[in-house]
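**Q** Take this structure first; my questions come after.
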Amino acid sequence: MKVVIVGAGEVGFHIASRLAFENKNVVVIDKDPNAIRRISDNIDAQVIVGTGSSPIVLEEAGIKEAEILLAVTDSDETNLVACLTADILSPATRKLARVRNADFDNYHETLRENAPHIDTIINPEIEVVKTIDRLMSVPGAVDVGEFADGRIKFIGIRLDEGSRLAGLRLSKLPSIISESRPLIAAIIRNEELIIPHGDSRVLPGDLIYFICEESNLADTLELFNKYADPLKRLIIVGGGRIGYRLAAQFENRSVHTKLIEKDAARCSQLAEKLNRTVVIHGDGSDQELLAEENIQDADVVIPLTKDEETNILVSLLAKKMGARKAIARINKFSYFPLMSTIGLDQIVSPRLSAINTILQHVRRGKVLSAISIKGEQAEVLEALALETSDIVGKPLKNVGMPKGSILIGILRQDTVMIPSGNSVIEPGDRIVLFARREAVPKIEKILAVKLEFF
Amino acid sequence: MRWRYILQAVGILTLFLGLTMLLPLGVSLYFKDSSIAPITKSLLITILSGGCMFFVFRCPQTEYMSQREGMAIVAVGWTVVGLFGALPFFFSEHFLTFTDAFFESVSGFTTTGASVLTNIEATPEGLLLWRSFIQWLGGMGIIVLSIAILPFLGVGGMQLYKAEVPTPVPDKLKPRIRDTAMTLWKVYGAMTIIETILLVIGGMSFFDALCHTFTTLPTGGFSTKNTSVAHFDSAYIDSVIILFMVAAGINFSLHYQMLKGKPLIMWRDSECRFYLATVCILTLIVSVNIYGNGYGQLGRALRDGAFQVVSILTTTGFATADYETWPAMSQIILLLCMFLGASAGSTGGGMKCLRIMLYFKYCYKELFSLIHPHAVRHVKIGGKAIPSDVMRSVLGFLGLYMGLFAFCTVLLAALDVDFVTSFAAVAACIGNIGPGFGTVGPVENFANIPILGKWLLAWCMLLGRLEIYTVIIFLVPEFWRK
């Protein structure tokens, strides 16, 4: 499979590295020779210095043989024109574009059906707002993914000292909780991903990823010593596009939202557009201001400024002053491994969100959604079990699952099953898989290899 | 630097080298010659050592290889391959010392073609084939070959590729390095088949045709005859070999693009144009020069002139005439050809046409800016501006090349080698040509060089083949600092 990526920024770089690792043919186009150098030094991909919207450059990149075009530069216009040019040169290529301007929000359908024929428009800001919303809905969660239209949740939680699970062997799990127990898919301990067996133990401080049904969520969270608190008071720091979107979304719910923004002109703009949100002009890292706005009573503080160092400091400050929870926006991937050391587990990144959404669309076969977890070491995939696939029609213990992957959920019509060795997947089931990065190509293969007969 | 990881990769490479010895073994079994025992012994030793190395240093697969590690794998890999490749020579009675065997082996892998064998025709066929075959392996790059066919090198493929095939302006034919390596080897393989057939048609035995093809395409220059290609004395064979030497001196990605339906690509590429023009012009000058001096017939002068110029310029090193009897002007032109070399991305050695072109264009730019101090002017190749860091690395390369050449010449002269020989031997080895002037001329060989001199020259060949940086980096103290 050939993928042409326009834009070698953070998003382009990470997608290229993921796809190249999975042995796909990747061509990256960017006009900045330094960004291109970073790709060619680190990634097994072809590189072209040039403008991605130019037909000559796209031809040179071999757009005609490409299955997918990803337009992910920082400029909406370049991305749209790149898709338009590609549409003229090679109508068969699927096109994905990153478009951030909110004016386009209502026109995604139109752009799919008309001229540029962009199959998917990704707005990282919308994705980030969704992610923040999910994180807030699950207390204590570091990572929340949804499958099967939200009926299955994939949650990452750090295990506390006080939890009943701390120090337990997984095989002992049934003795603690009788039914509808969560399926633990992975444990991250000291930045290392472990796929647990029956006799693996979970230790305090581990980041535990598990699958559970939405209906059992509250019970499961209790196991982790986390209790759902109603969200009443919210403070957002930074009134950029994401801050505005988030505030606007919470206007309809009975949440008391305060939005702190540094720039006076932007504040007056925001105050004009927002009705119930209290817009405050000031510096979010100013202790006095935070105290004045009763930060100690805030349920969640969300620093969303463009400056990630500020976001980190505001989060720490807010927590110290008594806020119950902080979700920080962080863009630099190199900071991610530090976050748990600092004590900030809940972070969002527009880029990571964009990467997740894009990957989901790049996946071959009938993959319905895909979420990559911390540090991109592993991925959770939701897929449709095709009649022709190797995994259908026999007990799971007889299915040769690739090393480093496990099946964590089966959905048949409206029931959700946590699979055991004797479960049989039927055609048309939706399955949820967890796979280490190395296993992803093999998973894709067993899901889709026979699809190519059609 | 993860030495375990590096040695594991080198282990696999050694194992792979052991397997390639099956081909000469087959040949020696077919001819029932005296090299069966030495080759079998070397095959077993190489496979066992490679296996042990891989087993002792095995480590979990990683996802990342630094440029430094890539360079270390290539440099260590080539040295180790040179050592094990010397075993079949060492175990046979045709080489007196291990130094001789090692020299011959490195000369093979680096496609130099400098030999210490005095009576080549007395050497068994199995060894002769191995001698040619290692040139063929080394020409396109044994590590590039491993990238193409061994999946384990996928991760650091790019780093290894850059360390083994360093071109000033790298071009990747396919998005993935494995596919690129595979494509290059396919083009190489196809050309091998065609040349072998053409030579057989010209009346060579299949064995000779194969051996000469194995040494033409990598611009190697080992022959199976004492008098090299002159032995056949056929205008047809001369012209086939000239044609393929010229082709081997062209960037292989151009061959690929031509086969892909771009017939004019060779003419459009400015380096290739420069290279082909140089070949034609120098051939004419040399032929005219020798026509008046010793050659009676113009046709003969043209044939020998063309063969020698192409052979030296592409750094092959075949000979059909003793150019040491030619007029001084022709000799000096040939000497300069040793430095010029073939195109970047070809199998030839030397400084490469592209670098020389860039150098001249840079000089012109400097002169130009003396006249117009405020002018903005780029060094351009094929209409595209060359980034200044590429230009810097080219200038650095040329400086290092000349510096190392001078340094090694002094060292060789210090070992009591005469003036002309030490000068020409170093030039011929660092440029991967083979024959030089003086006592290492086209009708003599390197047997008389002192032992230390042979080790020095073998190192020069590695320097030339891996284009200086990959080898010299080991001598920089910063490389070893943690």
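We label chains A, B, ... in the order they appear in the structure tokens, count residues from 1 in each chain, and number ligands from 1 in the order shown.
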Run DSSP on the backbone and tell me which residues of stretch 278-469 of chain B come out as strand (DSSP E or B); list them as a PyMOL selection string.
**A** chain B and resi 380-381+384-385
**Q** Could you pull out the alpha helix (DSSP H) residues of stretch 153-338 of chain A from DSSP and send them as a PyMOL selection string?
**A** chain A and resi 173-176+217-223+241-251+264-273+287-292+308-320+336-338
**Q** Those same residues - N, CA and C atoms - I'd like them written as a compact mmCIF listing (two decimals), in the first residue's frame.
**A**
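Below you can see result.txt, which holds the result:
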# COMPACT_ATOMS: atom_id res chain seq x y z
N LEU A 173 -8.43 -12.59 40.36
CA LEU A 173 -9.45 -11.57 40.13
C LEU A 173 -10.87 -12.09 40.37
N PRO A 174 -11.20 -13.29 39.90
CA PRO A 174 -12.58 -13.77 40.10
C PRO A 174 -12.99 -13.84 41.58
N SER A 175 -12.03 -14.02 42.49
CA SER A 175 -12.39 -14.13 43.90
C SER A 175 -12.78 -12.77 44.47
N ILE A 176 -12.39 -11.72 43.83
CA ILE A 176 -12.70 -10.38 44.34
C ILE A 176 -14.01 -9.88 43.75
N LEU A 217 -19.31 0.28 34.23
CA LEU A 217 -18.20 1.19 34.44
C LEU A 217 -18.07 1.63 35.89
N ALA A 218 -19.20 2.02 36.49
CA ALA A 218 -19.14 2.54 37.85
C ALA A 218 -18.59 1.49 38.81
N ASP A 219 -19.08 0.23 38.68
CA ASP A 219 -18.59 -0.84 39.55
C ASP A 219 -17.09 -1.05 39.37
N THR A 220 -16.69 -1.05 38.10
CA THR A 220 -15.29 -1.30 37.82
C THR A 220 -14.41 -0.21 38.41
N LEU A 221 -14.87 1.02 38.27
CA LEU A 221 -14.06 2.12 38.79
C LEU A 221 -13.92 2.04 40.30
N GLU A 222 -14.95 1.50 40.93
CA GLU A 222 -14.89 1.34 42.38
C GLU A 222 -13.71 0.44 42.77
N LEU A 223 -13.49 -0.59 41.96
CA LEU A 223 -12.36 -1.48 42.20
C LEU A 223 -11.05 -0.69 42.26
N ARG A 241 -8.82 28.54 20.10
CA ARG A 241 -9.94 27.89 19.42
C ARG A 241 -10.48 26.70 20.20
N ILE A 242 -9.55 25.94 20.80
CA ILE A 242 -10.00 24.77 21.55
C ILE A 242 -10.73 25.22 22.81
N GLY A 243 -10.17 26.22 23.49
CA GLY A 243 -10.81 26.73 24.71
C GLY A 243 -12.22 27.20 24.43
N TYR A 244 -12.36 27.89 23.31
CA TYR A 244 -13.68 28.39 22.95
C TYR A 244 -14.64 27.24 22.67
N ARG A 245 -14.19 26.29 21.87
CA ARG A 245 -15.05 25.15 21.55
C ARG A 245 -15.52 24.43 22.80
N LEU A 246 -14.59 24.24 23.72
CA LEU A 246 -14.89 23.50 24.94
C LEU A 246 -15.91 24.27 25.77
N ALA A 247 -15.66 25.57 25.93
CA ALA A 247 -16.57 26.39 26.72
C ALA A 247 -17.96 26.38 26.11
N ALA A 248 -17.99 26.51 24.77
CA ALA A 248 -19.28 26.54 24.09
C ALA A 248 -20.04 25.25 24.32
N GLN A 249 -19.31 24.14 24.31
CA GLN A 249 -19.95 22.84 24.50
C GLN A 249 -20.56 22.72 25.90
N PHE A 250 -19.87 23.30 26.90
CA PHE A 250 -20.37 23.15 28.26
C PHE A 250 -21.47 24.16 28.60
N GLU A 251 -21.71 25.09 27.70
CA GLU A 251 -22.78 26.06 27.97
C GLU A 251 -24.13 25.37 28.09
N ALA A 264 -6.73 40.89 26.00
CA ALA A 264 -7.97 41.62 26.28
C ALA A 264 -8.91 41.59 25.08
N ALA A 265 -8.34 41.78 23.89
CA ALA A 265 -9.19 41.83 22.70
C ALA A 265 -9.88 40.48 22.49
N ARG A 266 -9.11 39.41 22.67
CA ARG A 266 -9.68 38.08 22.50
C ARG A 266 -10.78 37.84 23.55
N CYS A 267 -10.55 38.35 24.77
CA CYS A 267 -11.54 38.21 25.83
C CYS A 267 -12.86 38.83 25.43
N SER A 268 -12.78 40.02 24.84
CA SER A 268 -14.03 40.68 24.52
C SER A 268 -14.75 39.94 23.39
N GLN A 269 -13.94 39.38 22.45
CA GLN A 269 -14.53 38.53 21.40
C GLN A 269 -15.26 37.34 22.00
N LEU A 270 -14.57 36.69 22.95
CA LEU A 270 -15.13 35.48 23.57
C LEU A 270 -16.40 35.82 24.33
N ALA A 271 -16.34 36.95 25.07
CA ALA A 271 -17.49 37.33 25.87
C ALA A 271 -18.70 37.60 24.98
N GLU A 272 -18.38 38.07 23.76
CA GLU A 272 -19.47 38.33 22.84
C GLU A 272 -20.12 37.04 22.37
N LYS A 273 -19.27 36.04 22.10
CA LYS A 273 -19.79 34.80 21.54
C LYS A 273 -20.38 33.88 22.60
N GLN A 287 -1.13 33.23 40.68
CA GLN A 287 -1.74 32.57 41.84
C GLN A 287 -2.88 33.38 42.42
N GLU A 288 -2.68 34.69 42.49
CA GLU A 288 -3.72 35.53 43.10
C GLU A 288 -5.01 35.45 42.32
N LEU A 289 -4.86 35.51 41.01
CA LEU A 289 -6.05 35.44 40.16
C LEU A 289 -6.76 34.11 40.37
N LEU A 290 -5.97 33.04 40.41
CA LEU A 290 -6.58 31.72 40.57
C LEU A 290 -7.31 31.62 41.91
N ALA A 291 -6.67 32.18 42.96
CA ALA A 291 -7.29 32.13 44.28
C ALA A 291 -8.59 32.94 44.28
N GLU A 292 -8.50 34.09 43.62
CA GLU A 292 -9.67 34.96 43.53
C GLU A 292 -10.84 34.24 42.87
N GLU A 308 3.17 24.89 26.15
CA GLU A 308 2.96 23.68 26.96
C GLU A 308 3.60 23.78 28.34
N GLU A 309 4.71 24.53 28.42
CA GLU A 309 5.34 24.68 29.73
C GLU A 309 4.39 25.39 30.69
N THR A 310 3.71 26.44 30.18
CA THR A 310 2.72 27.13 31.00
C THR A 310 1.62 26.16 31.42
N ASN A 311 1.16 25.35 30.47
CA ASN A 311 0.08 24.42 30.79
C ASN A 311 0.49 23.47 31.91
N ILE A 312 1.72 22.99 31.84
CA ILE A 312 2.20 22.08 32.87
C ILE A 312 2.21 22.80 34.22
N LEU A 313 2.75 24.02 34.22
CA LEU A 313 2.86 24.75 35.49
C LEU A 313 1.49 25.09 36.05
N VAL A 314 0.58 25.52 35.18
CA VAL A 314 -0.76 25.86 35.66
C VAL A 314 -1.43 24.62 36.27
N SER A 315 -1.27 23.47 35.60
CA SER A 315 -1.88 22.25 36.13
C SER A 315 -1.34 21.93 37.51
N LEU A 316 -0.02 22.02 37.65
CA LEU A 316 0.58 21.69 38.95
C LEU A 316 0.13 22.68 40.02
N LEU A 317 0.11 23.94 39.62
CA LEU A 317 -0.30 24.99 40.54
C LEU A 317 -1.75 24.76 40.98
N ALA A 318 -2.61 24.50 40.01
CA ALA A 318 -4.03 24.31 40.31
C ALA A 318 -4.22 23.15 41.26
N LYS A 319 -3.50 22.04 41.00
CA LYS A 319 -3.63 20.87 41.86
C LYS A 319 -3.18 21.20 43.27
N LYS A 320 -2.08 21.96 43.35
CA LYS A 320 -1.53 22.31 44.64
C LYS A 320 -2.50 23.20 45.42
N PHE A 336 5.87 13.54 26.78
CA PHE A 336 4.93 12.53 27.28
C PHE A 336 5.52 11.60 28.33
N PRO A 337 6.73 11.06 28.11
CA PRO A 337 7.26 10.12 29.12
C PRO A 337 7.48 10.78 30.48
N LEU A 338 7.58 12.12 30.51
CA LEU A 338 7.87 12.79 31.78
C LEU A 338 6.61 13.01 32.61
**Q** Kindly indicate which residue among A:Ala385, A:Met321, A:Ile48, A:Val348 lies nearest to chain B, using only C-alpha atoms for the distances.
**A** A:Ile48
**Q** Which is closer to A:Ile157 than all the others in A:Asn216, A:Ser405, A:Asn294, A:Gln346, using only C-alpha atoms?
**A**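 Counting only C-alpha atoms, the residue closest to A:Ile157 is A:Gln346.
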**Q** Under the rule that only C-alpha atoms are counted, which of B:Arg178, B:Lys262, B:Lys454, B:Lys365 is the nearest residue to chain A?
**A** B:Arg178
**Q** For A:Asp32, find every residue with an atom within 12 Å (counting only C-alpha atoms), except residues of its own chain fewer than 3 positions away, and show them as a PyMOL selection string.
**A** chain A and resi 6-9+28-29+35-39+47-52+73
**Q** Can those selected residues be exported to a file as a CSV table (one decimal), in the first residue's frame so that it contains N, CA and C atoms?
**A**
chain,number,residue,atom,x,y,z
A,6,VAL,N,1.4,14.8,2.8
A,6,VAL,CA,1.8,16.1,2.6
A,6,VAL,C,2.0,16.8,3.9
A,7,GLY,N,3.2,17.3,4.2
A,7,GLY,CA,3.4,17.9,5.5
A,7,GLY,C,4.2,17.1,6.4
A,8,ALA,N,5.4,17.5,6.7
A,8,ALA,CA,6.3,16.7,7.6
A,8,ALA,C,6.4,17.3,9.0
A,9,GLY,N,5.3,17.9,9.4
A,9,GLY,CA,5.3,18.4,10.8
A,9,GLY,C,5.2,17.2,11.8
A,28,VAL,N,6.8,11.3,1.7
A,28,VAL,CA,6.5,12.5,2.4
A,28,VAL,C,6.9,13.7,1.6
A,29,ILE,N,6.0,14.7,1.5
A,29,ILE,CA,6.3,15.9,0.8
A,29,ILE,C,6.3,17.1,1.8
A,35,ALA,N,12.7,19.9,7.9
A,35,ALA,CA,11.7,18.9,8.3
A,35,ALA,C,11.8,17.6,7.5
A,36,ILE,N,12.2,17.8,6.2
A,36,ILE,CA,12.4,16.6,5.3
A,36,ILE,C,13.6,15.8,5.8
A,37,ARG,N,14.6,16.5,6.2
A,37,ARG,CA,15.8,15.9,6.6
A,37,ARG,C,15.5,15.0,7.9
A,38,ARG,N,14.7,15.6,8.7
A,38,ARG,CA,14.3,14.8,9.9
A,38,ARG,C,13.6,13.5,9.5
A,39,ILE,N,12.8,13.5,8.5
A,39,ILE,CA,12.1,12.3,8.0
A,39,ILE,C,13.2,11.4,7.5
A,47,VAL,N,11.3,10.9,0.3
A,47,VAL,CA,11.0,12.3,0.7
A,47,VAL,C,11.2,13.2,-0.5
A,48,ILE,N,10.4,14.2,-0.6
A,48,ILE,CA,10.4,15.1,-1.7
A,48,ILE,C,10.3,16.5,-1.1
A,49,VAL,N,11.2,17.4,-1.4
A,49,VAL,CA,11.1,18.8,-1.0
A,49,VAL,C,10.3,19.5,-2.0
A,50,GLY,N,9.2,20.1,-1.6
A,50,GLY,CA,8.4,20.8,-2.6
A,50,GLY,C,7.0,21.1,-2.0
A,51,THR,N,6.2,21.8,-2.7
A,51,THR,CA,4.9,22.2,-2.2
A,51,THR,C,3.9,21.0,-2.5
A,52,GLY,N,3.2,20.6,-1.5
A,52,GLY,CA,2.3,19.4,-1.6
A,52,GLY,C,1.1,19.7,-2.5
A,73,THR,N,-0.5,19.4,6.5
A,73,THR,CA,0.3,20.6,6.8
A,73,THR,C,-0.4,21.5,7.8
**Q** Which residues of chain B come within 8 Å of chain A, and for each one, what is the closest pair of atoms and their distance in Å to one decimal, counting only C-alpha atoms, sorted by chain and residue number, as a Markdown table?
**A**
| residue | atom | partner | partner_atom | distance |
| --- | --- | --- | --- | --- |
| B:Val155 | CA | A:Asp44 | CA | 7.9 |
| B:Gly157 | CA | A:Asp44 | CA | 7.6 |
| B:Met158 | CA | A:Asp44 | CA | 6.2 |
| B:Gln159 | CA | A:Asp41 | CA | 7.7 |
| B:Lys172 | CA | A:Gln46 | CA | 6.4 |
| B:Lys174 | CA | A:Gln46 | CA | 6.7 |
| B:Pro175 | CA | A:Gln46 | CA | 4.2 |
| B:Arg176 | CA | A:Ala45 | CA | 5.6 |
| B:Ile177 | CA | A:Asp44 | CA | 6.2 |
**Q** Mind giving me the straight-line distance from atom CA of A:Val138 to atom CA of A:Ala186 in Å, one decimal?
**A**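 Computing it gives 18.4 Å between the two atoms.
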**Q** For the atom pair atom CA of B:Pro38 and atom CA of B:Phe91, what is the interatomic distance in Å to one decimal place?
**A**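 So the answer is 5.0 Å.
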**Q** By how many Å are atom CA of B:Ala319 and atom CA of B:Cys272 apart?
**A** 24.1 Å
**Q** Report as a list in words all protein, DNA and RNA residues lying within 8 Å of B:Ile39, evaluated on only C-alpha atoms, omitting residues in the same chain fewer than 6 positions from it.
**A**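 Non-adjacent residues within range: Met21, Pro24, Leu25, Leu87, Pro88, Phe91, Gly126 and Leu127 of chain B.
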**Q** Emit the selected residues as a PDB file, in the first residue's frame, including N, CA and C atoms.
**A**
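Dumped to part.pdb:
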ATOM      1  N   MET B  21      29.776 -18.720  -0.534  1.00  0.00           N
ATOM      2  CA  MET B  21      30.922 -19.543  -0.960  1.00  0.00           C
ATOM      3  C   MET B  21      30.457 -20.835  -1.624  1.00  0.00           C
ATOM      4  N   PRO B  24      31.444 -20.760  -5.621  1.00  0.00           N
ATOM      5  CA  PRO B  24      32.770 -21.230  -6.054  1.00  0.00           C
ATOM      6  C   PRO B  24      32.983 -22.708  -5.737  1.00  0.00           C
ATOM      7  N   LEU B  25      32.363 -23.178  -4.645  1.00  0.00           N
ATOM      8  CA  LEU B  25      32.514 -24.591  -4.315  1.00  0.00           C
ATOM      9  C   LEU B  25      31.917 -25.446  -5.430  1.00  0.00           C
ATOM     10  N   LEU B  87      40.008 -16.315   3.294  1.00  0.00           N
ATOM     11  CA  LEU B  87      40.309 -17.699   3.692  1.00  0.00           C
ATOM     12  C   LEU B  87      40.532 -18.648   2.522  1.00  0.00           C
ATOM     13  N   PRO B  88      39.657 -18.655   1.496  1.00  0.00           N
ATOM     14  CA  PRO B  88      39.904 -19.596   0.402  1.00  0.00           C
ATOM     15  C   PRO B  88      41.273 -19.371  -0.239  1.00  0.00           C
ATOM     16  N   PHE B  91      44.076 -20.716   2.267  1.00  0.00           N
ATOM     17  CA  PHE B  91      44.190 -22.171   2.392  1.00  0.00           C
ATOM     18  C   PHE B  91      44.744 -22.825   1.142  1.00  0.00           C
ATOM     19  N   GLY B 126      37.912 -22.694  -9.227  1.00  0.00           N
ATOM     20  CA  GLY B 126      37.094 -22.331  -8.068  1.00  0.00           C
ATOM     21  C   GLY B 126      37.568 -21.029  -7.448  1.00  0.00           C
ATOM     22  N   LEU B 127      38.883 -20.907  -7.275  1.00  0.00           N
ATOM     23  CA  LEU B 127      39.452 -19.694  -6.679  1.00  0.00           C
ATOM     24  C   LEU B 127      39.271 -18.495  -7.595  1.00  0.00           C
TER      25      LEU B 127
END
**Q** For A:Tyr107, please output as a PDB file with C-alpha atoms, in the first residue's frame all residues within 12 Å (counting only C-alpha atoms; exclusion window: fewer than 4 positions along the same chain).
**A**
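See selection25.pdb below for the written result:
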ATOM      1  CA  VAL A  99      -8.671  21.316   8.306  1.00  0.00           C
ATOM      2  CA  ASN A 101     -10.868  26.368  10.497  1.00  0.00           C
ATOM      3  CA  ALA A 102     -14.200  26.047  12.298  1.00  0.00           C
ATOM      4  CA  ASP A 103     -15.993  27.610   9.339  1.00  0.00           C
ATOM      5  CA  LEU A 111     -16.498  18.549   0.473  1.00  0.00           C
ATOM      6  CA  ARG A 112     -16.818  14.798   0.353  1.00  0.00           C
ATOM      7  CA  GLU A 113     -19.514  14.815  -2.288  1.00  0.00           C
ATOM      8  CA  ASN A 114     -18.220  17.698  -4.359  1.00  0.00           C
ATOM      9  CA  HIS A 117     -13.859  14.589  -2.760  1.00  0.00           C
ATOM     10  CA  ILE A 118     -12.115  14.500   0.584  1.00  0.00           C
ATOM     11  CA  THR A 120     -12.420  12.435   5.716  1.00  0.00           C
ATOM     12  CA  ILE A 121     -11.756  15.858   7.095  1.00  0.00           C
TER      13      ILE A 121
END
**Q** Using only C-alpha atoms, which protein or nucleic acid residues come within 7 Å of A:Val279? Drop anything in the same chain fewer than 2 positions from it, and give the result as a list in words.
**A**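 Here the qualifying residues turn out to be Lys258, Leu259, Ile260, Cys267, Ala271, Thr277 and His281 of chain A.
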**Q** Set the distance at 9 Å and use only C-alpha atoms: which residues neighbour A:Ser171 once local chain neighbours fewer than 6 positions away are removed? I'd like the list as a PyMOL selection string.
**A** chain A and resi 197-201
**Q** Which of these, A:Ser340, A:Thr93, A:Ser163, A:Asn225, has the shortest distance to A:Pro139 once you count only C-alpha atoms?
**A** A:Asn225
**Q** Compare A:Gly239, A:Ala71, A:Gly400, A:Val416 by their minimum atom-to-atom distance to A:Leu274, counting only C-alpha atoms, and give me the closest one.
**A**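 Nearest to A:Leu274: A:Gly239.
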